[in-house]
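Pasted below: model.cif, mmCIF, C-alpha atoms.
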```cif
data_protein
loop_
_atom_site.label_atom_id
_atom_site.label_comp_id
_atom_site.auth_asym_id
_atom_site.auth_seq_id
_atom_site.Cartn_x
_atom_site.Cartn_y
_atom_site.Cartn_z
CA MET A 156 -19.93 -21.48 -25.85
CA ASN A 157 -18.68 -20.12 -29.18
CA PHE A 158 -19.88 -17.01 -31.00
CA ASN A 159 -19.21 -15.35 -34.34
CA MET A 160 -17.41 -12.03 -33.92
CA ASN A 161 -18.86 -10.59 -37.12
CA ASP A 162 -22.37 -11.31 -35.85
CA LEU A 163 -21.59 -9.56 -32.55
CA ILE A 164 -20.22 -6.48 -34.33
CA ILE A 165 -23.39 -6.25 -36.42
CA LYS A 166 -25.54 -6.79 -33.33
CA LYS A 167 -23.92 -3.88 -31.50
CA ARG A 168 -23.86 -1.77 -34.68
CA ASP A 169 -27.64 -2.16 -34.84
CA GLY A 170 -28.02 -0.99 -31.24
CA LYS A 171 -28.79 -4.33 -29.61
CA PRO A 172 -27.28 -5.17 -26.20
CA LEU A 173 -24.62 -7.84 -25.88
CA SER A 174 -25.25 -10.61 -23.35
CA THR A 175 -22.92 -11.39 -20.46
CA GLU A 176 -21.91 -14.63 -22.19
CA GLU A 177 -21.07 -12.77 -25.40
CA ILE A 178 -19.00 -10.18 -23.53
CA ASN A 179 -17.13 -12.90 -21.62
CA TRP A 180 -16.34 -14.62 -24.92
CA ILE A 181 -15.06 -11.36 -26.45
CA ILE A 182 -12.78 -10.64 -23.49
CA ASP A 183 -11.47 -14.20 -23.45
CA GLY A 184 -10.64 -13.89 -27.15
CA THR A 185 -9.04 -10.49 -26.57
CA VAL A 186 -6.62 -11.90 -23.99
CA LYS A 187 -5.87 -15.09 -25.93
CA GLY A 188 -5.36 -13.15 -29.17
CA THR A 189 -7.94 -15.20 -31.09
CA ILE A 190 -9.92 -12.11 -32.16
CA PRO A 191 -8.03 -9.92 -34.66
CA ASP A 192 -7.44 -6.24 -33.85
CA TYR A 193 -9.50 -5.07 -36.82
CA GLN A 194 -12.60 -6.82 -35.47
CA LEU A 195 -12.03 -5.54 -31.92
CA SER A 196 -11.59 -2.03 -33.35
CA ALA A 197 -14.85 -2.36 -35.29
CA LEU A 198 -16.66 -3.47 -32.13
CA LEU A 199 -15.21 -0.54 -30.15
CA MET A 200 -16.43 1.87 -32.81
CA ALA A 201 -19.90 0.31 -32.69
CA ILE A 202 -19.89 0.66 -28.88
CA PHE A 203 -18.66 4.26 -29.18
CA PHE A 204 -21.69 5.22 -31.30
CA ARG A 205 -24.32 2.90 -29.80
CA GLY A 206 -23.15 2.91 -26.17
CA LEU A 207 -23.34 0.27 -23.47
CA ASP A 208 -26.30 -0.08 -21.14
CA ARG A 209 -25.62 -0.60 -17.43
CA ASP A 210 -25.87 -4.40 -17.61
CA GLU A 211 -23.36 -4.46 -20.46
CA THR A 212 -21.03 -2.10 -18.59
CA TYR A 213 -21.15 -4.24 -15.44
CA ALA A 214 -20.52 -7.39 -17.49
CA LEU A 215 -17.59 -5.81 -19.34
CA THR A 216 -16.07 -4.57 -16.06
CA ALA A 217 -16.33 -8.02 -14.46
CA ALA A 218 -14.91 -9.80 -17.51
CA MET A 219 -11.90 -7.47 -17.68
CA ARG A 220 -11.41 -7.56 -13.90
CA TYR A 221 -10.96 -11.34 -14.01
CA SER A 222 -8.93 -11.39 -17.25
CA GLY A 223 -5.68 -11.51 -15.27
CA ASP A 224 -4.39 -11.65 -11.71
CA ILE A 225 -6.51 -10.54 -8.76
CA VAL A 226 -4.60 -8.99 -5.86
CA ASP A 227 -5.40 -10.65 -2.54
CA LEU A 228 -5.04 -8.15 0.32
CA SER A 229 -6.74 -10.35 2.93
CA ALA A 230 -3.44 -10.84 4.80
CA ILE A 231 -3.46 -7.12 5.65
CA ARG A 232 -5.58 -6.26 8.67
CA GLY A 233 -8.16 -3.50 8.44
CA ILE A 234 -10.28 -1.99 5.68
CA LYS A 235 -8.05 -1.26 2.70
CA VAL A 236 -9.00 1.90 0.79
CA ASP A 237 -7.90 2.82 -2.74
CA LYS A 238 -8.02 6.22 -4.42
CA HIS A 239 -8.14 6.99 -8.14
CA SER A 240 -8.10 10.23 -10.11
CA THR A 241 -9.36 10.44 -13.68
CA GLY A 242 -6.34 12.62 -14.40
CA GLY A 243 -5.55 16.29 -14.52
CA VAL A 244 -2.84 18.95 -14.68
CA GLY A 245 -0.84 19.35 -11.48
CA ASP A 246 -2.77 16.57 -9.74
CA LYS A 247 -0.37 15.25 -7.10
CA THR A 248 -3.04 14.41 -4.51
CA THR A 249 -2.08 10.73 -4.13
CA LEU A 250 1.26 11.81 -2.67
CA VAL A 251 -0.56 13.85 -0.01
CA VAL A 252 -3.73 11.83 0.54
CA ALA A 253 -2.08 8.42 0.95
CA PRO A 254 0.32 9.49 3.74
CA LEU A 255 -2.46 11.38 5.56
CA ALA A 256 -4.91 8.47 5.46
CA SER A 257 -2.21 5.95 6.30
CA ALA A 258 -1.04 8.06 9.25
CA CYS A 259 -4.61 7.77 10.57
CA GLY A 260 -4.54 3.98 10.44
CA VAL A 261 -6.01 3.23 7.00
CA PRO A 262 -3.98 0.63 5.04
CA ILE A 263 -3.11 1.93 1.56
CA ALA A 264 -2.04 -0.70 -0.99
CA LYS A 265 -2.11 1.23 -4.24
CA MET A 266 -1.14 0.58 -7.83
CA SER A 267 -0.67 3.68 -9.98
CA GLY A 268 0.00 4.36 -13.64
CA ARG A 269 2.23 6.50 -15.80
CA GLY A 270 1.17 9.72 -17.47
CA LEU A 271 0.28 10.01 -21.14
CA GLY A 272 -0.33 13.28 -22.92
CA PHE A 273 -0.67 16.40 -20.79
CA THR A 274 -1.86 14.61 -17.61
CA GLY A 275 0.81 13.39 -15.22
CA GLY A 276 1.19 9.90 -13.75
CA THR A 277 1.93 9.15 -10.10
CA VAL A 278 4.57 6.56 -11.05
CA ASP A 279 6.54 9.14 -13.06
CA LYS A 280 6.40 11.58 -10.16
CA MET A 281 7.72 8.98 -7.70
CA GLU A 282 10.59 8.10 -10.03
CA SER A 283 11.94 11.62 -9.56
CA ILE A 284 12.85 10.61 -5.98
CA PRO A 285 16.46 9.29 -6.04
CA GLY A 286 16.56 5.52 -5.56
CA PHE A 287 12.77 5.06 -5.38
CA ARG A 288 11.57 1.65 -6.60
CA ILE A 289 8.18 1.53 -8.27
CA GLU A 290 8.32 -2.25 -8.69
CA LEU A 291 8.05 -4.55 -5.68
CA GLU A 292 7.56 -8.30 -5.52
CA PRO A 293 4.04 -9.21 -4.33
CA GLU A 294 5.27 -10.33 -0.91
CA GLU A 295 7.36 -7.15 -0.53
CA PHE A 296 4.32 -5.08 -1.43
CA LEU A 297 2.08 -6.77 1.15
CA ALA A 298 4.79 -6.77 3.83
CA GLN A 299 5.37 -3.04 3.40
CA VAL A 300 1.68 -2.27 3.84
CA ARG A 301 1.60 -4.47 6.95
CA ASP A 302 4.77 -2.86 8.35
CA ILE A 303 4.29 0.86 7.67
CA GLY A 304 0.69 1.11 6.45
CA MET A 305 1.18 2.06 2.78
CA ALA A 306 2.81 1.18 -0.52
CA VAL A 307 2.39 2.70 -3.97
CA ILE A 308 3.75 0.77 -6.94
CA GLY A 309 3.42 0.65 -10.72
CA GLN A 310 0.55 -1.24 -12.29
CA SER A 311 1.34 -4.95 -12.58
CA ALA A 312 1.55 -6.23 -16.15
CA HIS A 313 -0.59 -9.18 -15.09
CA ILE A 314 -3.49 -7.08 -13.78
CA ASP A 315 -6.36 -6.65 -16.26
CA PRO A 316 -4.55 -7.54 -19.52
CA ALA A 317 -7.83 -7.21 -21.43
CA ASP A 318 -8.05 -3.52 -20.57
CA LYS A 319 -4.44 -2.94 -21.67
CA LYS A 320 -5.22 -4.42 -25.08
CA LEU A 321 -8.55 -2.64 -25.51
CA TYR A 322 -7.27 0.72 -24.26
CA ALA A 323 -4.36 0.60 -26.71
CA LEU A 324 -6.87 0.07 -29.51
CA ARG A 325 -9.20 2.79 -28.22
CA ASP A 326 -6.27 5.20 -28.10
CA VAL A 327 -5.58 4.83 -31.83
CA THR A 328 -9.16 4.46 -33.11
CA GLY A 329 -10.81 7.57 -31.62
CA THR A 330 -12.95 5.55 -29.20
CA VAL A 331 -11.64 6.68 -25.81
CA ASP A 332 -14.46 9.07 -24.87
CA ASN A 333 -17.32 6.69 -24.11
CA PHE A 334 -18.85 6.46 -20.64
CA GLY A 335 -19.19 2.68 -20.53
CA LEU A 336 -15.68 2.08 -21.86
CA ILE A 337 -14.10 4.64 -19.50
CA ALA A 338 -15.98 3.36 -16.45
CA SER A 339 -15.23 -0.31 -17.13
CA SER A 340 -11.57 0.46 -17.82
CA ILE A 341 -11.10 2.33 -14.53
CA MET A 342 -13.22 0.11 -12.30
CA SER A 343 -11.94 -3.24 -13.63
CA LYS A 344 -8.41 -2.24 -12.58
CA LYS A 345 -9.54 -0.83 -9.22
CA LEU A 346 -11.54 -3.97 -8.39
CA ALA A 347 -8.71 -6.27 -9.46
CA ALA A 348 -6.33 -4.33 -7.17
CA GLY A 349 -8.13 -5.80 -4.16
CA SER A 350 -9.03 -2.89 -1.87
CA ASP A 351 -12.26 -2.95 0.17
CA ALA A 352 -13.35 0.62 -0.60
CA ILE A 353 -12.61 3.10 -3.39
CA VAL A 354 -12.54 6.91 -3.51
CA LEU A 355 -12.74 8.37 -7.03
CA ASP A 356 -11.62 11.91 -7.89
CA VAL A 357 -13.48 12.69 -11.12
CA LYS A 358 -11.96 15.78 -12.71
CA CYS A 359 -14.13 18.29 -14.57
CA GLY A 360 -12.98 21.14 -16.83
CA GLU A 361 -10.72 21.92 -19.78
CA GLY A 362 -7.84 19.96 -18.26
CA ALA A 363 -9.87 16.75 -17.83
CA PHE A 364 -11.50 14.02 -19.93
CA MET A 365 -14.89 15.28 -18.77
CA GLU A 366 -15.07 18.96 -19.67
CA ASN A 367 -18.56 19.65 -18.28
CA ILE A 368 -20.11 18.74 -14.97
CA GLU A 369 -23.04 16.82 -16.48
CA ASP A 370 -20.66 14.34 -18.14
CA ALA A 371 -18.54 14.09 -14.99
CA VAL A 372 -21.62 13.27 -12.88
CA THR A 373 -22.79 10.66 -15.41
CA LEU A 374 -19.39 8.94 -15.31
CA ALA A 375 -19.15 9.17 -11.52
CA ASP A 376 -22.65 7.73 -11.03
CA LEU A 377 -21.79 4.81 -13.28
CA MET A 378 -18.50 4.02 -11.51
CA VAL A 379 -20.08 4.27 -8.05
CA ASP A 380 -22.83 1.87 -9.15
CA ILE A 381 -20.24 -0.57 -10.53
CA GLY A 382 -18.31 -0.43 -7.25
CA TYR A 383 -21.36 -1.14 -5.13
CA ASP A 384 -22.48 -3.88 -7.53
CA ALA A 385 -19.10 -5.55 -6.91
CA GLY A 386 -19.47 -5.22 -3.14
CA ARG A 387 -17.09 -2.28 -2.73
CA ARG A 388 -18.06 0.93 -0.95
CA THR A 389 -17.34 3.58 -3.56
CA VAL A 390 -17.47 7.37 -3.33
CA ALA A 391 -16.82 9.86 -6.15
CA CYS A 392 -15.90 13.52 -5.79
CA ILE A 393 -16.44 15.82 -8.79
CA THR A 394 -13.57 18.33 -8.63
CA ASP A 395 -12.44 21.31 -10.66
CA MET A 396 -9.83 21.00 -13.40
CA SER A 397 -10.49 24.26 -15.24
CA GLN A 398 -7.13 25.51 -13.96
CA PRO A 399 -4.11 23.46 -12.80
CA LEU A 400 -4.32 21.99 -9.30
CA GLY A 401 -1.79 23.65 -7.02
CA LYS A 402 1.02 25.70 -8.50
CA ALA A 403 3.47 23.02 -9.68
CA VAL A 404 3.09 21.08 -12.95
CA GLY A 405 5.79 18.51 -13.69
CA ASN A 406 7.14 15.42 -11.99
CA ALA A 407 9.83 16.46 -9.49
CA LEU A 408 8.11 19.83 -9.04
CA GLU A 409 4.87 18.12 -8.01
CA VAL A 410 6.58 15.83 -5.48
CA MET A 411 8.17 18.92 -3.91
CA GLU A 412 4.75 20.58 -3.73
CA ALA A 413 3.26 17.44 -2.16
CA ILE A 414 5.96 17.56 0.50
CA ASP A 415 5.32 21.29 1.02
CA THR A 416 1.64 20.45 1.52
CA LEU A 417 2.49 17.81 4.14
CA TYR A 418 4.54 20.48 5.92
CA GLY A 419 1.36 22.59 5.99
CA ARG A 420 2.64 25.20 3.55
CA GLY A 421 1.07 23.95 0.33
CA PRO A 422 -1.28 25.87 -1.98
CA GLU A 423 -4.81 26.33 -0.67
CA ASP A 424 -6.54 24.22 -3.32
CA ILE A 425 -4.30 21.14 -3.10
CA THR A 426 -4.48 21.29 0.70
CA GLU A 427 -8.28 21.56 0.75
CA LEU A 428 -8.80 18.73 -1.73
CA SER A 429 -6.26 16.43 -0.09
CA VAL A 430 -7.76 16.83 3.37
CA LYS A 431 -11.26 16.26 1.99
CA LEU A 432 -10.29 13.10 0.05
CA ALA A 433 -8.21 11.74 2.94
CA GLY A 434 -11.13 12.39 5.30
CA ILE A 435 -13.45 10.30 3.13
CA MET A 436 -10.82 7.53 2.96
CA ILE A 437 -10.44 7.58 6.75
CA TYR A 438 -14.23 7.32 7.13
CA LEU A 439 -14.53 4.46 4.62
CA GLY A 440 -11.59 2.78 6.36
CA GLY A 441 -13.56 2.65 9.59
CA LYS A 442 -11.27 5.05 11.49
CA ALA A 443 -13.88 7.83 11.82
CA GLU A 444 -17.60 7.84 12.59
CA THR A 445 -18.41 10.38 9.87
CA PRO A 446 -16.67 11.89 6.82
CA GLU A 447 -16.42 15.16 8.79
CA ASP A 448 -14.63 13.36 11.62
CA GLY A 449 -12.33 11.80 9.04
CA GLN A 450 -11.56 15.21 7.60
CA LYS A 451 -10.74 16.48 11.10
CA LEU A 452 -8.32 13.58 11.64
CA ALA A 453 -6.70 14.24 8.25
CA GLY A 454 -6.28 17.91 9.20
CA GLU A 455 -4.65 16.90 12.48
CA ALA A 456 -2.26 14.56 10.62
CA LEU A 457 -1.33 17.54 8.47
CA THR A 458 -0.77 20.07 11.28
CA SER A 459 1.08 17.55 13.48
CA ARG A 460 3.19 16.47 10.48
CA THR A 461 2.53 12.79 11.12
CA GLY A 462 1.56 12.61 7.44
CA LEU A 463 5.00 14.00 6.57
CA THR A 464 6.65 11.38 8.78
CA GLN A 465 4.61 8.72 7.00
CA MET A 466 5.76 10.11 3.65
CA ARG A 467 9.41 9.74 4.66
CA MET A 468 8.88 6.18 5.93
CA PHE A 469 7.13 5.31 2.66
CA ILE A 470 9.94 6.77 0.52
CA GLU A 471 12.66 4.97 2.46
CA ALA A 472 10.75 1.66 2.53
CA GLN A 473 10.76 1.69 -1.28
CA GLY A 474 14.46 2.46 -1.55
CA GLY A 475 14.20 6.22 -1.98
CA ASN A 476 16.31 8.88 -0.27
CA GLY A 477 14.11 10.16 2.57
CA ASP A 478 16.27 13.29 2.88
CA VAL A 479 14.36 14.75 -0.08
CA ILE A 480 11.77 15.99 2.42
CA TYR A 481 14.45 18.36 3.77
CA ASP A 482 16.65 18.95 0.74
CA TYR A 483 14.96 19.61 -2.60
CA SER A 484 18.36 19.85 -4.35
CA LEU A 485 18.38 16.03 -4.29
CA PHE A 486 15.67 16.02 -6.96
CA PRO A 487 16.59 16.24 -10.68
CA GLN A 488 17.46 19.85 -11.46
CA PRO A 489 16.70 21.71 -14.73
CA ALA A 490 19.47 23.50 -16.59
CA HIS A 491 17.32 26.40 -17.80
CA SER A 492 14.38 28.54 -16.77
CA LEU A 493 12.23 31.13 -18.50
CA GLU A 494 9.71 33.55 -17.01
CA LEU A 495 6.31 34.63 -18.31
CA ARG A 496 5.17 38.06 -17.09
CA ALA A 497 1.83 39.81 -17.28
CA SER A 498 1.26 42.06 -20.30
CA CYS A 499 -1.42 44.06 -18.46
CA SER A 500 -2.85 44.75 -15.01
CA GLY A 501 -6.10 43.26 -13.73
CA TYR A 502 -7.41 40.02 -12.28
CA VAL A 503 -6.65 36.52 -13.51
CA ALA A 504 -9.97 35.39 -14.99
CA LYS A 505 -8.83 32.07 -16.48
CA ILE A 506 -5.84 29.74 -16.60
CA ASN A 507 -6.66 27.01 -19.12
CA ALA A 508 -5.43 23.76 -17.52
CA ARG A 509 -5.16 21.95 -20.84
CA GLN A 510 -2.98 24.68 -22.32
CA ILE A 511 -0.64 24.66 -19.30
CA GLY A 512 -0.53 20.87 -19.47
CA LEU A 513 0.38 20.95 -23.15
CA ALA A 514 3.09 23.54 -22.48
CA SER A 515 4.52 21.34 -19.72
CA GLN A 516 4.38 18.29 -21.97
CA HIS A 517 6.23 20.24 -24.64
CA LEU A 518 9.01 21.01 -22.13
CA GLY A 519 9.51 17.28 -21.63
CA ALA A 520 7.39 16.69 -18.51
CA GLY A 521 4.84 14.51 -20.36
CA ARG A 522 4.65 11.95 -23.14
CA ALA A 523 3.09 12.12 -26.58
CA SER A 524 3.44 8.30 -26.80
CA LYS A 525 4.11 5.60 -24.22
CA GLU A 526 7.66 5.12 -25.53
CA ASP A 527 8.71 8.75 -24.96
CA LYS A 528 11.35 9.47 -22.32
CA ILE A 529 10.38 12.28 -19.96
CA ASP A 530 12.47 14.98 -18.31
CA LEU A 531 11.74 14.56 -14.60
CA SER A 532 13.02 18.07 -13.81
CA ALA A 533 10.90 19.86 -16.43
CA GLY A 534 7.67 21.68 -15.75
CA ILE A 535 5.94 24.91 -14.81
CA VAL A 536 5.54 26.77 -11.52
CA LEU A 537 2.55 29.14 -11.39
CA ASN A 538 2.82 32.37 -9.42
CA LYS A 539 -0.82 33.34 -9.90
CA LYS A 540 -4.16 31.52 -9.79
CA VAL A 541 -7.66 32.47 -10.93
CA GLY A 542 -8.99 35.37 -8.87
CA ASP A 543 -5.55 36.81 -8.03
CA ARG A 544 -4.73 40.46 -8.67
CA VAL A 545 -1.83 41.00 -11.09
CA GLU A 546 0.10 44.10 -12.14
CA GLU A 547 1.65 44.64 -15.55
CA GLY A 548 5.10 43.06 -15.62
CA GLU A 549 4.41 40.84 -12.61
CA LEU A 550 5.54 37.19 -12.76
CA LEU A 551 2.80 34.79 -13.88
CA LEU A 552 4.79 31.57 -14.09
CA THR A 553 8.26 30.09 -14.54
CA LEU A 554 9.04 27.39 -17.10
CA LEU A 555 11.82 24.89 -16.25
CA GLY A 556 13.64 22.36 -18.42
CA ASN A 557 16.85 21.28 -20.11
CA ASP A 558 16.18 22.55 -23.64
CA GLN A 559 16.11 26.32 -24.17
CA THR A 560 14.32 26.03 -27.53
CA LYS A 561 11.56 23.95 -25.94
CA LEU A 562 11.26 26.51 -23.14
CA GLU A 563 10.65 29.31 -25.63
CA ALA A 564 8.02 27.24 -27.48
CA GLY A 565 6.45 26.30 -24.13
CA GLN A 566 6.28 29.95 -23.16
CA ARG A 567 4.25 30.73 -26.29
CA LEU A 568 1.83 27.90 -25.43
CA ALA A 569 1.51 29.03 -21.81
CA GLU A 570 0.74 32.62 -22.84
CA ARG A 571 -2.48 31.41 -24.46
CA ALA A 572 -3.70 29.92 -21.19
CA PHE A 573 -4.25 33.26 -19.42
CA ARG A 574 -7.26 35.56 -19.61
CA PHE A 575 -7.58 38.74 -17.56
CA SER A 576 -10.44 40.91 -16.30
CA ASP A 577 -10.67 44.49 -15.10
CA GLU A 578 -13.17 43.39 -12.45
CA PRO A 579 -12.59 41.02 -9.50
CA VAL A 580 -13.12 37.35 -10.39
CA GLU A 581 -14.48 34.59 -8.14
CA ARG A 582 -12.26 31.57 -7.62
CA PRO A 583 -13.74 28.38 -9.13
CA GLU A 584 -15.53 25.98 -6.78
CA LEU A 585 -13.02 23.21 -6.09
CA ILE A 586 -15.33 20.37 -5.02
CA LYS A 587 -18.52 20.49 -7.05
CA GLU A 588 -20.36 17.38 -5.90
CA ILE A 589 -19.87 14.20 -3.88
CA ILE A 590 -21.63 11.01 -5.04
CA GLY A 591 -22.12 7.80 -3.08
CA LEU A 592 -21.40 9.16 0.38
#
```
Re-express the file's structure as structure tokens.
Amino acid sequence: MNFNMNDLIIKKRDGKPLSTEEINWIIDGTVKGTIPDYQLSALLMAIFFRGLDRDETYALTAAMRYSGDIVDLSAIRGIKVDKHSTGGVGDKTTLVVAPLASACGVPIAKMSGRGLGFTGGTVDKMESIPGFRIELEPEEFLAQVRDIGMAVIGQSAHIDPADKKLYALRDVTGTVDNFGLIASSIMSKKLAAGSDAIVLDVKCGEGAFMENIEDAVTLADLMVDIGYDAGRRTVACITDMSQPLGKAVGNALEVMEAIDTLYGRGPEDITELSVKLAGIMIYLGGKAETPEDGQKLAGEALTSRTGLTQMRMFIEAQGGNGDVIYDYSLFPQPAHSLELRASCSGYVAKINARQIGLASQHLGAGRASKEDKIDLSAGIVLNKKVGDRVEEGELLLTLLGNDQTKLEAGQRLAERAFRFSDEPVERPELIKEIIGL
């Protein structure tokens, strides 16, 4: 069936829903290159203002899911569980959650992306491990999951090519922030990746796409519905991103903090969230009767350090130097550091995650464009979190990197992130809501 793209743009511009057949035709033309970018951009703008109803969103997700390769994980025994975060500052949970869940018998066959802007990417973090390979042949990938229970690789270029094309256009046309487009983009990739169940970590706060909880819940509801509609058990956790997660922001720094957490000495927030997410994954993977039982098993994997052992096996299986779990000097090391100290006494009332993320990006830990080269050693280590008491002159954070001028500019950006109070301040609620459980 053939359609006229101009007619479809006008139809959506006027607020009318697109049919499944029309959406399939658009995605087919997107992948084949028969629809020019200017028309796709016009359609995206019409969608941005008029929205997608649930039927349209499901149809768009399915069309993009099948626009490229579909990963077949049927050769791996057990219930395969995937985990996705909508992105945040200091979010290294995959590197804690995956080893914990895998150590409890849940197969983890995960594809992850790179960071863009002030939010980090799991692939970039893993590349800070000497020798680590983020690209495996399909048979290598499956064999590793069968042999040791987990593998985490970069997103295949052949998975969901329609989303790659549409996201690139959204990124340069101001049409990223639309619920239907975000949900279909995330879920089409997750469904194409082949796992049986999906856990979504939907971030909420200044350091996230969704700055308020109402928007985060709307997005989470939509993605959970899409997952179930596709026959995948899907659970979404709404979690705080008003301040950075953990204390480390930056690629090598975050891997070190993930390892610290697997030792049982990580920051309270990253430990709590990782155990909770891993517990849900263990439950969905059929290794626990309830989510609470799953959380208990994840906690035991943490205290017994079987999760840490799994982390080392995973690193070595993908060519990395497993000694990094003992010797952090093997990671890329920054040439310079700069401290930020408190200008007054009181309680930390706010640490704006976005501002810290931007400061870290400025140091070289993030990208402004996909072509930018990142400094794997650069980043920020926080000494204080919201609710902590601080005295004048006390260390708030340390900036690390290889360019002294960038450090000084980053320090000025980081200063703006902090707000103080004379009165004690409650710590923000880390896990705000769980949907689909």
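Here, the PyMOL selection byres ((chain A and resi 257) around 10) matches Lys235, Val236, Val252, Ala253, Pro254, Leu255, Ala256, Ala258, Cys259, Gly260, Val261, Pro262, Ile263, Ala264, Val300, Ile303, Gly304, Met305, Ala306, Ala433, Met436, Ile437, Gly440, Ala453, Ala456, Thr461, Gly462, Gln465 and Met466 of chain A.
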Quick one: everything within 9 Å of His313 in chain A, counting all atoms listed in the file, minus sequence neighbours fewer than 3 positions away in the same chain. Send it as a short mmCIF file (atom, residue, chain, number, x, y, z; two decimals) with C-alpha atoms, in the frame of the given file.
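Writing done, so here's around_15.cif:
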```
data_model
loop_
_atom_site.label_atom_id
_atom_site.label_comp_id
_atom_site.auth_asym_id
_atom_site.auth_seq_id
_atom_site.Cartn_x
_atom_site.Cartn_y
_atom_site.Cartn_z
CA SER A 222 -8.93 -11.39 -17.25
CA GLY A 223 -5.68 -11.51 -15.27
CA ASP A 224 -4.39 -11.65 -11.71
CA ILE A 225 -6.51 -10.54 -8.76
CA GLN A 310 0.55 -1.24 -12.29
CA PRO A 316 -4.55 -7.54 -19.52
#
```
*Would you write out, as a PyMOL selection string, every residue that the PyMOL selection byres ((chain A and resi 179) around 9) captures in this file?*
chain A and resi 174-178+180-184+214-215+217-219
_Proximity to Asp326 in chain A - best of A:Ile308, A:Ile289, A:Ala514, A:Leu199, only C-alpha atoms_ = A:Leu199
Please evaluate the PyMOL selection byres ((chain A and resi 392) around 9) against the structure above and give the resulting residues as a compact mmCIF listing (two decimals) with C-alpha atoms, keeping the file's coordinate frame.
```txt
# COMPACT_ATOMS: atom_id res chain seq x y z
CA VAL A 354 -12.54 6.91 -3.51
CA LEU A 355 -12.74 8.37 -7.03
CA ASP A 356 -11.62 11.91 -7.89
CA VAL A 357 -13.48 12.69 -11.12
CA LYS A 358 -11.96 15.78 -12.71
CA ALA A 375 -19.15 9.17 -11.52
CA VAL A 390 -17.47 7.37 -3.33
CA ALA A 391 -16.82 9.86 -6.15
CA ILE A 393 -16.44 15.82 -8.79
CA THR A 394 -13.57 18.33 -8.63
CA LEU A 432 -10.29 13.10 0.05
CA ILE A 586 -15.33 20.37 -5.02
CA LYS A 587 -18.52 20.49 -7.05
CA GLU A 588 -20.36 17.38 -5.90
CA ILE A 589 -19.87 14.20 -3.88
CA ILE A 590 -21.63 11.01 -5.04
CA GLY A 591 -22.12 7.80 -3.08
```
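In terms of minimum interatomic distance to Ile353 in chain A, A:Met378 ranks closest within A:Ala323, A:Ile535, A:Val331, A:Met378, counting all atoms listed in the file.
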*So which one's closest to Leu408 in chain A, A:Glu471, A:Leu457, A:Asp384, A:Leu485? Using all atoms listed in the file, please.*
A:Leu485
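Those residues that approach Thr553 in chain A to within 6 Å, counting only C-alpha atoms, are A:Leu493, A:Glu494, A:Ile535, A:Val536; same-chain residues fewer than 3 positions away are not listed.
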_Please list as a PyMOL selection string every residue within 12 Å of Gly276 in chain A, counting only C-alpha atoms and excluding residues in the same chain fewer than 2 positions away._
chain A and resi 239-250+266-274+278-283+308-310+404-407+409-410+520-522+525+529+531
_Option closest in space to Met160 in chain A, from A:Ala352, A:Ala197, A:Val186, A:Val541 [counting only C-alpha atoms]_ = A:Ala197
_Point-to-point distance in Å for CA of Gly188 in chain A and CA of Asn157 in chain A_ = 15.0 Å
What's the 8 Å shell around Ala508 in chain A, counting all atoms listed in the file, without same-chain residues fewer than 2 positions away, as a PDB file with C-alpha atoms, in the frame of the given file?
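Listed below is the output, out.pdb:
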```pdb
ATOM      1  CA  VAL A 244      -2.840  18.950 -14.680  1.00  0.00           C
ATOM      2  CA  GLU A 361     -10.720  21.920 -19.780  1.00  0.00           C
ATOM      3  CA  GLY A 362      -7.840  19.960 -18.260  1.00  0.00           C
ATOM      4  CA  MET A 396      -9.830  21.000 -13.400  1.00  0.00           C
ATOM      5  CA  SER A 397     -10.490  24.260 -15.240  1.00  0.00           C
ATOM      6  CA  GLN A 398      -7.130  25.510 -13.960  1.00  0.00           C
ATOM      7  CA  PRO A 399      -4.110  23.460 -12.800  1.00  0.00           C
ATOM      8  CA  ILE A 506      -5.840  29.740 -16.600  1.00  0.00           C
ATOM      9  CA  GLN A 510      -2.980  24.680 -22.320  1.00  0.00           C
ATOM     10  CA  ILE A 511      -0.640  24.660 -19.300  1.00  0.00           C
ATOM     11  CA  GLY A 512      -0.530  20.870 -19.470  1.00  0.00           C
ATOM     12  CA  ALA A 572      -3.700  29.920 -21.190  1.00  0.00           C
TER      13      ALA A 572
END
```
*For Ala338 in chain A, list every protein, DNA or RNA residue within 10 Å, evaluated using only C-alpha atoms, and leave out those in the same chain fewer than 5 positions away; present the list as a PyMOL selection string.*
chain A and resi 212-213+215-216+333+343+374-379+381
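Using all atoms listed in the file, the nearest neighbour of Gly534 in chain A within the list A:Ala504, A:Leu555, A:Val307, A:Val226 is A:Leu555.
Using all atoms listed in the file, the nearest neighbour of Asp332 in chain A within the list A:Pro172, A:Gly206, A:Gly542, A:Pro191 is A:Gly206.
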*Would you list the residues near (4.5, 29.1, -6.2), meaning any protein, DNA or RNA residue with an atom at most 10 Å from that point in file coordinates, counting all atoms listed in the file, as a PyMOL selection string?*
chain A and resi 401-403+412+421-422+535-540+551-553
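Going from CA of Ala497 in chain A to CA of Arg544 in chain A covers 10.8 Å.
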Could you work out an axis-aligned box for range 562-581 of chain A, taking every atom the file lists and adding 3 Å on each side, and report centre and edge lengths in Å to one decimal, as JSON?
```
{"center_x": -1.6, "center_y": 35.4, "center_z": -17.8, "size_x": 31.7, "size_y": 24.2, "size_z": 25.3}
```
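Relative to CA of Leu417 in chain A, CA of Thr277 in chain A is found at 16.7 Å.
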